[in-house]
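input.pdb (PDB, C-alpha atoms)
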ATOM      1  CA  MET A   1      31.524 -31.570  57.053
ATOM      2  CA  ALA A   2      28.328 -32.941  55.529
ATOM      3  CA  LYS A   3      25.246 -30.809  56.045
ATOM      4  CA  ARG A   4      22.626 -32.232  58.375
ATOM      5  CA  ASN A   5      19.045 -32.943  57.376
ATOM      6  CA  PHE A   6      16.762 -31.142  59.790
ATOM      7  CA  ASN A   7      13.544 -32.913  58.814
ATOM      8  CA  ASP A   8      13.838 -35.205  61.824
ATOM      9  CA  LEU A   9      14.164 -32.183  64.140
ATOM     10  CA  LEU A  10      11.008 -30.671  62.669
ATOM     11  CA  SER A  11       9.269 -34.001  63.196
ATOM     12  CA  PHE A  12      10.393 -34.048  66.830
ATOM     13  CA  VAL A  13       9.174 -30.476  67.466
ATOM     14  CA  THR A  14       5.783 -31.299  65.955
ATOM     15  CA  VAL A  15       5.327 -34.479  68.027
ATOM     16  CA  ALA A  16       6.471 -32.778  71.243
ATOM     17  CA  ARG A  17       4.045 -29.893  70.746
ATOM     18  CA  GLU A  18       1.093 -32.018  69.685
ATOM     19  CA  GLY A  19       1.693 -34.669  72.360
ATOM     20  CA  SER A  20       0.517 -37.261  69.859
ATOM     21  CA  PHE A  21       2.073 -39.199  67.007
ATOM     22  CA  THR A  22      -1.321 -39.412  65.320
ATOM     23  CA  ARG A  23      -1.946 -35.642  65.261
ATOM     24  CA  ALA A  24       1.683 -34.856  64.377
ATOM     25  CA  ALA A  25       1.633 -37.358  61.486
ATOM     26  CA  ALA A  26      -1.535 -35.777  60.117
ATOM     27  CA  GLN A  27      -0.002 -32.289  60.376
ATOM     28  CA  LEU A  28       3.207 -33.350  58.647
ATOM     29  CA  GLY A  29       1.451 -35.411  55.979
ATOM     30  CA  VAL A  30       3.233 -38.691  56.778
ATOM     31  CA  THR A  31       2.187 -42.022  58.202
ATOM     32  CA  GLN A  32       2.334 -42.629  61.946
ATOM     33  CA  SER A  33       4.776 -45.506  61.518
ATOM     34  CA  ALA A  34       7.114 -43.427  59.330
ATOM     35  CA  LEU A  35       7.055 -40.635  61.910
ATOM     36  CA  SER A  36       7.815 -43.076  64.721
ATOM     37  CA  GLN A  37      10.804 -44.398  62.765
ATOM     38  CA  THR A  38      12.058 -40.853  62.165
ATOM     39  CA  ILE A  39      11.979 -40.039  65.891
ATOM     40  CA  SER A  40      13.658 -43.334  66.769
ATOM     41  CA  GLY A  41      16.374 -42.603  64.235
ATOM     42  CA  LEU A  42      16.940 -39.148  65.730
ATOM     43  CA  GLU A  43      17.225 -40.561  69.236
ATOM     44  CA  THR A  44      19.666 -43.199  67.982
ATOM     45  CA  ARG A  45      21.786 -40.585  66.252
ATOM     46  CA  LEU A  46      21.858 -38.336  69.332
ATOM     47  CA  LYS A  47      22.229 -41.334  71.665
ATOM     48  CA  ILE A  48      19.643 -39.932  74.070
ATOM     49  CA  ARG A  49      15.899 -40.418  74.610
ATOM     50  CA  LEU A  50      13.834 -37.381  73.679
ATOM     51  CA  LEU A  51      10.233 -38.544  74.151
ATOM     52  CA  THR A  52       8.439 -40.569  76.764
ATOM     53  CA  ARG A  53       5.766 -42.688  75.114
ATOM     54  CA  THR A  54       2.730 -44.184  76.846
ATOM     55  CA  THR A  55      -0.394 -45.763  75.416
ATOM     56  CA  ARG A  56      -2.280 -42.496  75.928
ATOM     57  CA  SER A  57       0.227 -39.685  75.453
ATOM     58  CA  VAL A  58       3.656 -38.566  74.369
ATOM     59  CA  SER A  59       5.734 -36.049  76.326
ATOM     60  CA  PRO A  60       9.316 -34.810  76.070
ATOM     61  CA  THR A  61      12.003 -36.028  78.426
ATOM     62  CA  ILE A  62      14.247 -33.534  80.206
ATOM     63  CA  ALA A  63      16.625 -33.724  77.238
ATOM     64  CA  GLY A  64      13.694 -33.447  74.856
ATOM     65  CA  GLU A  65      12.354 -30.390  76.677
ATOM     66  CA  ARG A  66      15.753 -28.736  76.417
ATOM     67  CA  LEU A  67      15.958 -29.463  72.680
ATOM     68  CA  LEU A  68      12.392 -28.233  72.136
ATOM     69  CA  ASN A  69      13.112 -24.939  73.930
ATOM     70  CA  ALA A  70      16.331 -24.502  71.961
ATOM     71  CA  ILE A  71      15.039 -25.105  68.415
ATOM     72  CA  GLY A  72      11.253 -24.812  68.464
ATOM     73  CA  HIS A  73      11.160 -21.039  68.102
ATOM     74  CA  ARG A  74      13.670 -21.187  65.255
ATOM     75  CA  PHE A  75      11.303 -23.284  63.168
ATOM     76  CA  ASP A  76       8.586 -20.751  64.008
ATOM     77  CA  GLU A  77      10.837 -17.960  62.698
ATOM     78  CA  ILE A  78      11.490 -19.893  59.481
ATOM     79  CA  GLU A  79       7.762 -20.407  58.972
ATOM     80  CA  ALA A  80       7.149 -16.698  59.570
ATOM     81  CA  GLU A  81       9.773 -15.751  56.973
ATOM     82  CA  LEU A  82       8.289 -18.148  54.440
ATOM     83  CA  ASP A  83       4.850 -16.656  55.085
ATOM     84  CA  GLY A  84       6.402 -13.221  54.576
ATOM     85  CA  LEU A  85       7.754 -14.277  51.186
ATOM     86  CA  THR A  86       4.317 -15.491  50.176
ATOM     87  CA  GLU A  87       2.883 -12.143  51.235
ATOM     88  CA  MET A  88       5.498 -10.363  49.100
ATOM     89  CA  ARG A  89       4.347 -12.416  46.115
ATOM     90  CA  ASP A  90       0.730 -11.463  46.692
ATOM     91  CA  LYS A  91       1.493  -7.893  47.800
ATOM     92  CA  PRO A  92       4.630  -6.591  45.989
ATOM     93  CA  ALA A  93       7.007  -4.743  48.273
ATOM     94  CA  GLY A  94      10.677  -3.900  48.697
ATOM     95  CA  THR A  95      13.296  -1.627  47.150
ATOM     96  CA  VAL A  96      14.375  -1.636  43.492
ATOM     97  CA  ARG A  97      17.713   0.122  42.819
ATOM     98  CA  ILE A  98      18.276   1.661  39.349
ATOM     99  CA  THR A  99      21.258   3.599  37.985
ATOM    100  CA  SER A 100      20.690   5.986  35.060
ATOM    101  CA  GLY A 101      21.400   9.420  33.633
ATOM    102  CA  ASP A 102      19.421  12.384  34.948
ATOM    103  CA  HIS A 103      17.603  13.251  31.689
ATOM    104  CA  VAL A 104      16.147   9.780  31.157
ATOM    105  CA  LEU A 105      15.232   9.742  34.847
ATOM    106  CA  ARG A 106      13.204  12.950  34.480
ATOM    107  CA  THR A 107      11.612  12.196  31.108
ATOM    108  CA  ILE A 108      10.982   8.420  31.149
ATOM    109  CA  LEU A 109      11.631   6.664  34.427
ATOM    110  CA  LEU A 110       9.850   8.902  36.908
ATOM    111  CA  PRO A 111       6.786   9.639  34.721
ATOM    112  CA  ARG A 112       6.223   5.945  33.964
ATOM    113  CA  LEU A 113       6.846   4.754  37.506
ATOM    114  CA  THR A 114       4.646   7.377  39.175
ATOM    115  CA  PRO A 115       1.360   5.454  38.633
ATOM    116  CA  LEU A 116       3.005   2.243  39.858
ATOM    117  CA  LEU A 117       4.312   3.878  43.036
ATOM    118  CA  LEU A 118       0.900   5.376  43.749
ATOM    119  CA  ASP A 119      -0.785   1.979  43.329
ATOM    120  CA  TYR A 120       1.836   0.042  45.339
ATOM    121  CA  PRO A 121       2.925   2.099  48.370
ATOM    122  CA  ASP A 122       5.139  -0.746  49.634
ATOM    123  CA  ILE A 123       7.391  -0.605  46.552
ATOM    124  CA  ASN A 124      10.384   1.734  46.898
ATOM    125  CA  VAL A 125      12.712   2.815  44.080
ATOM    126  CA  GLU A 126      16.215   4.164  44.665
ATOM    127  CA  PHE A 127      17.778   6.071  41.750
ATOM    128  CA  ASP A 128      21.504   6.575  41.237
ATOM    129  CA  VAL A 129      22.267   9.331  38.713
ATOM    130  CA  ASN A 130      25.489   8.341  37.012
ATOM    131  CA  TYR A 131      26.831   8.608  33.468
ATOM    132  CA  GLY A 132      29.464   5.900  33.865
ATOM    133  CA  LEU A 133      28.937   2.293  32.804
ATOM    134  CA  ARG A 134      28.339   0.918  36.286
ATOM    135  CA  ASP A 135      28.814  -2.773  37.093
ATOM    136  CA  ILE A 136      25.274  -3.239  38.352
ATOM    137  CA  VAL A 137      26.009  -6.693  39.779
ATOM    138  CA  ALA A 138      29.077  -5.616  41.767
ATOM    139  CA  ASP A 139      27.416  -2.369  42.856
ATOM    140  CA  ARG A 140      24.235  -4.198  43.913
ATOM    141  CA  PHE A 141      21.834  -2.473  41.536
ATOM    142  CA  ASP A 142      18.772  -4.286  40.285
ATOM    143  CA  ALA A 143      18.959  -2.588  36.886
ATOM    144  CA  GLY A 144      20.548   0.194  34.894
ATOM    145  CA  VAL A 145      19.414   2.435  32.029
ATOM    146  CA  ARG A 146      21.767   3.154  29.154
ATOM    147  CA  LEU A 147      21.779   3.505  25.380
ATOM    148  CA  GLY A 148      21.368   0.191  23.594
ATOM    149  CA  ASP A 149      24.809   0.058  21.967
ATOM    150  CA  THR A 150      26.621   0.405  25.322
ATOM    151  CA  ILE A 151      25.080  -2.600  27.101
ATOM    152  CA  ASP A 152      27.003  -5.835  27.642
ATOM    153  CA  LYS A 153      25.727  -8.780  25.624
ATOM    154  CA  ASP A 154      25.184 -10.965  28.702
ATOM    155  CA  MET A 155      22.517  -8.602  30.042
ATOM    156  CA  ILE A 156      18.798  -8.699  29.423
ATOM    157  CA  ALA A 157      17.939  -5.426  27.662
ATOM    158  CA  VAL A 158      14.389  -4.066  27.567
ATOM    159  CA  PRO A 159      13.611  -1.050  25.338
ATOM    160  CA  ILE A 160      12.021   1.794  27.274
ATOM    161  CA  GLY A 161      11.995   4.507  24.637
ATOM    162  CA  PRO A 162      12.060   5.235  20.894
ATOM    163  CA  GLN A 163      15.124   5.665  18.697
ATOM    164  CA  LEU A 164      17.152   8.798  19.354
ATOM    165  CA  ARG A 165      19.136  11.300  17.305
ATOM    166  CA  MET A 166      21.961  13.554  18.359
ATOM    167  CA  ALA A 167      21.651  17.297  17.824
ATOM    168  CA  VAL A 168      24.274  20.005  17.341
ATOM    169  CA  VAL A 169      23.102  23.379  18.623
ATOM    170  CA  GLY A 170      24.243  26.872  19.449
ATOM    171  CA  SER A 171      22.535  30.023  20.679
ATOM    172  CA  PRO A 172      21.414  32.807  18.324
ATOM    173  CA  ALA A 173      24.003  35.087  19.941
ATOM    174  CA  TYR A 174      26.796  32.592  19.282
ATOM    175  CA  PHE A 175      25.885  32.161  15.607
ATOM    176  CA  ALA A 176      25.459  35.928  15.192
ATOM    177  CA  ALA A 177      29.198  36.232  15.860
ATOM    178  CA  THR A 178      30.376  33.002  14.178
ATOM    179  CA  PRO A 179      29.240  31.391  10.905
ATOM    180  CA  LYS A 180      27.231  28.192  11.213
ATOM    181  CA  PRO A 181      29.149  24.981  10.455
ATOM    182  CA  ARG A 182      28.224  23.315   7.158
ATOM    183  CA  SER A 183      30.194  20.108   7.772
ATOM    184  CA  PRO A 184      31.287  18.283  10.924
ATOM    185  CA  ARG A 185      34.870  19.273  10.072
ATOM    186  CA  ASP A 186      33.881  22.935  10.445
ATOM    187  CA  LEU A 187      33.384  22.263  14.173
ATOM    188  CA  LEU A 188      37.178  22.320  14.539
ATOM    189  CA  LYS A 189      36.963  26.094  13.996
ATOM    190  CA  HIS A 190      34.347  26.573  16.723
ATOM    191  CA  LYS A 191      34.201  26.678  20.492
ATOM    192  CA  CYS A 192      32.532  23.413  21.433
ATOM    193  CA  ILE A 193      31.278  22.279  24.832
ATOM    194  CA  ASN A 194      32.840  18.933  25.696
ATOM    195  CA  GLN A 195      31.631  16.115  27.913
ATOM    196  CA  ARG A 196      33.970  13.871  29.870
ATOM    197  CA  MET A 197      33.213  10.161  30.082
ATOM    198  CA  GLN A 198      33.032   9.007  33.693
ATOM    199  CA  THR A 199      34.073   5.452  32.849
ATOM    200  CA  SER A 200      37.314   6.071  30.923
ATOM    201  CA  GLY A 201      37.963   9.701  31.816
ATOM    202  CA  GLY A 202      38.315  10.682  28.164
ATOM    203  CA  LEU A 203      36.233  13.182  26.199
ATOM    204  CA  TYR A 204      33.357  12.089  24.008
ATOM    205  CA  VAL A 205      34.163  12.022  20.316
ATOM    206  CA  TRP A 206      31.361  13.587  18.301
ATOM    207  CA  ASP A 207      30.347  11.052  15.674
ATOM    208  CA  PHE A 208      28.275  11.812  12.595
ATOM    209  CA  GLN A 209      26.800   9.803   9.764
ATOM    210  CA  ARG A 210      25.178  10.734   6.451
ATOM    211  CA  ARG A 211      24.275   8.440   3.567
ATOM    212  CA  GLY A 212      26.584   5.717   4.830
ATOM    213  CA  ARG A 213      29.516   8.065   5.387
ATOM    214  CA  GLN A 214      30.782   8.291   8.963
ATOM    215  CA  MET A 215      32.867  11.113  10.418
ATOM    216  CA  ASN A 216      34.294  11.418  13.939
ATOM    217  CA  VAL A 217      35.426  14.789  15.244
ATOM    218  CA  ARG A 218      37.407  15.594  18.381
ATOM    219  CA  VAL A 219      36.225  19.079  19.199
ATOM    220  CA  ASP A 220      37.790  21.717  21.421
ATOM    221  CA  GLY A 221      36.497  24.567  23.561
ATOM    222  CA  GLN A 222      36.648  26.365  26.884
ATOM    223  CA  LEU A 223      34.226  24.145  28.792
ATOM    224  CA  ILE A 224      34.123  20.487  29.822
ATOM    225  CA  PHE A 225      31.271  18.967  31.861
ATOM    226  CA  ASN A 226      30.363  15.464  32.957
ATOM    227  CA  THR A 227      26.579  15.999  33.106
ATOM    228  CA  SER A 228      24.216  17.081  30.343
ATOM    229  CA  PRO A 229      22.160  19.814  32.132
ATOM    230  CA  ASN A 230      25.293  21.932  32.458
ATOM    231  CA  ILE A 231      26.013  21.499  28.762
ATOM    232  CA  VAL A 232      22.514  22.727  27.894
ATOM    233  CA  ASP A 233      22.914  25.762  30.187
ATOM    234  CA  ALA A 234      26.287  26.633  28.668
ATOM    235  CA  ALA A 235      24.868  26.459  25.140
ATOM    236  CA  LEU A 236      21.979  28.721  26.150
ATOM    237  CA  ALA A 237      24.515  31.186  27.544
ATOM    238  CA  GLY A 238      26.240  31.396  24.148
ATOM    239  CA  LEU A 239      29.455  29.758  25.359
ATOM    240  CA  GLY A 240      29.794  27.375  22.440
ATOM    241  CA  ILE A 241      28.248  24.619  20.329
ATOM    242  CA  ALA A 242      26.792  21.604  22.171
ATOM    243  CA  TRP A 243      26.138  17.998  21.115
ATOM    244  CA  LEU A 244      23.594  15.837  22.977
ATOM    245  CA  PRO A 245      20.514  13.715  22.227
ATOM    246  CA  GLU A 246      18.017  16.038  20.526
ATOM    247  CA  GLU A 247      15.361  15.563  23.204
ATOM    248  CA  GLU A 248      17.556  17.397  25.711
ATOM    249  CA  PHE A 249      17.492  20.514  23.517
ATOM    250  CA  ALA A 250      13.948  20.111  22.119
ATOM    251  CA  PRO A 251      12.076  22.804  24.117
ATOM    252  CA  HIS A 252      14.849  25.344  23.588
ATOM    253  CA  ILE A 253      14.969  24.658  19.841
ATOM    254  CA  ALA A 254      11.176  24.955  19.601
ATOM    255  CA  GLU A 255      11.211  28.336  21.329
ATOM    256  CA  GLY A 256      14.185  29.690  19.390
ATOM    257  CA  ARG A 257      16.653  29.827  22.283
ATOM    258  CA  LEU A 258      18.913  27.352  20.453
ATOM    259  CA  ILE A 259      19.535  26.860  16.737
ATOM    260  CA  ARG A 260      20.127  23.403  15.321
ATOM    261  CA  VAL A 261      22.832  22.778  12.729
ATOM    262  CA  LEU A 262      24.223  19.764  10.854
ATOM    263  CA  GLU A 263      20.862  17.995  11.241
ATOM    264  CA  ASP A 264      21.397  15.919   8.090
ATOM    265  CA  TRP A 265      24.549  14.458   9.682
ATOM    266  CA  CYS A 266      22.672  13.139  12.747
ATOM    267  CA  ALA A 267      21.327   9.651  12.007
ATOM    268  CA  PRO A 268      18.912   7.840  14.367
ATOM    269  CA  PHE A 269      20.280   5.174  16.702
ATOM    270  CA  ALA A 270      19.019   2.752  19.349
ATOM    271  CA  GLY A 271      17.440   4.561  22.293
ATOM    272  CA  TYR A 272      17.357   3.850  26.007
ATOM    273  CA  PHE A 273      17.164   0.336  27.419
ATOM    274  CA  LEU A 274      16.609  -0.984  30.909
ATOM    275  CA  TYR A 275      19.199  -3.710  31.445
ATOM    276  CA  TYR A 276      19.650  -6.284  34.189
ATOM    277  CA  PRO A 277      21.270  -9.694  34.717
ATOM    278  CA  SER A 278      19.310 -12.827  34.000
ATOM    279  CA  ARG A 279      17.272 -14.049  36.961
ATOM    280  CA  ARG A 280      14.914 -16.994  37.138
ATOM    281  CA  GLN A 281      12.707 -15.682  39.932
ATOM    282  CA  PRO A 282      12.665 -11.860  39.986
ATOM    283  CA  SER A 283      10.870 -10.224  42.885
ATOM    284  CA  PRO A 284       7.272  -9.159  42.233
ATOM    285  CA  ALA A 285       8.279  -5.531  42.809
ATOM    286  CA  PHE A 286      11.041  -5.705  40.177
ATOM    287  CA  SER A 287       8.737  -7.437  37.681
ATOM    288  CA  LEU A 288       6.188  -4.634  38.049
ATOM    289  CA  VAL A 289       8.899  -1.986  37.543
ATOM    290  CA  VAL A 290      10.050  -3.667  34.316
ATOM    291  CA  GLN A 291       6.462  -3.936  33.108
ATOM    292  CA  ALA A 292       5.833  -0.249  33.814
ATOM    293  CA  LEU A 293       8.968   0.873  31.963
ATOM    294  CA  ARG A 294       8.758  -1.414  28.945
ATOM    295  CA  SER A 295       8.261   0.521  25.712
ATOM    296  CA  GLU A 296       5.753  -0.790  23.174
ATOM    297  CA  ARG A 297       7.661   0.112  20.017
TER
END
Here is a file; write its structure as structure tokens.
Amino acid sequence: MAKRNFNDLLSFVTVAREGSFTRAAAQLGVTQSALSQTISGLETRLKIRLLTRTTRSVSPTIAGERLLNAIGHRFDEIEAELDGLTEMRDKPAGTVRITSGDHVLRTILLPRLTPLLLDYPDINVEFDVNYGLRDIVADRFDAGVRLGDTIDKDMIAVPIGPQLRMAVVGSPAYFAATPKPRSPRDLLKHKCINQRMQTSGGLYVWDFQRRGRQMNVRVDGQLIFNTSPNIVDAALAGLGIAWLPEEEFAPHIAEGRLIRVLEDWCAPFAGYFLYYPSRRQPSPAFSLVVQALRSER
């Protein structure tokens, strides 16, 4: 079924409310003759008279009154919604949903968004802490935050942080009982703290690079976690060697609670990116969130 054009209904509502073709034509921005033809065409299509015309006034017929009562308020609701959209443009509001890991949430997202949220109390942000590669379109997220080399090519990717490096660490107590590894292969002789990938269910392979040489190691140990804070806690407790982005260990390394090893095997790589599908008209709230998170590298 072909969709109907409702312009003639809007013209009818305007004439019936104004009680004048002249005033209604001025309000709609059309000529009086064009408006008269539109109403005549509507009456012909419906096969019923909607307006009673005299030389001095225009008033709805019984059928016209019924139609006006049935549809008039709906046009009012549409106008109100359109006004609301204009207000959103001028006064950003609404909820922006972002999925990310917990560390980047604590260290980048929340600190950078705090000033924005204080300045725009009508903007809400919902965070989903998740280490899996979520389908942000299917799961109805506005954006996600992941490392640059894990983002699909059809996404817009905005850098929100500097390059990163991985770090291999253990506690002083652990290394007091076990010699420090000198090569990634030496990790096979150690208790290592593994992390399970939420997307595939497998364990992360620890990958290293030095002077163009790459080495991947599948480590073993007593503990497996799927979130990084637990890995940090286990390393601090002396339960094995851990491997995470260096920033997650930084304060503990600085204060001597963890010892870094194999540093020359940990090359820098692309850091965190905010990614989202292409959109021609993003909401003002989302645009402000992207602007607040964008890293000037």
Counting all atoms listed in the file, the residue of A:Asp233, A:Glu81, A:Asp154, A:Asp264 that sits nearest A:Tyr276: A:Asp154
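For the atom pair formed by atom CA of A:Ile98 and atom CA of A:Leu293, the distance is 11.9 Å, given to one decimal.
A straight line drawn from atom CA of A:Ser283 to atom CA of A:Pro92 is 7.9 Å long.
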Nearest to A:Gly19 among A:Lys47, A:Arg211, A:Arg56, A:Lys189, with distances taken over all atoms listed in the file: which residue is it?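 Of A:Lys47, A:Arg211, A:Arg56, A:Lys189, the one nearest A:Gly19 is A:Arg56, counting all atoms listed in the file.
Residues captured in this structure file are Leu188, Lys189, His190, Lys191, Cys192, Ile193, Asn194, Val219, Asp220, Gln222, Leu223, Ile224, Leu239, Gly240 and Ile241 of chain A, according to the PyMOL selection byres ((chain A and resi 221) around 10).
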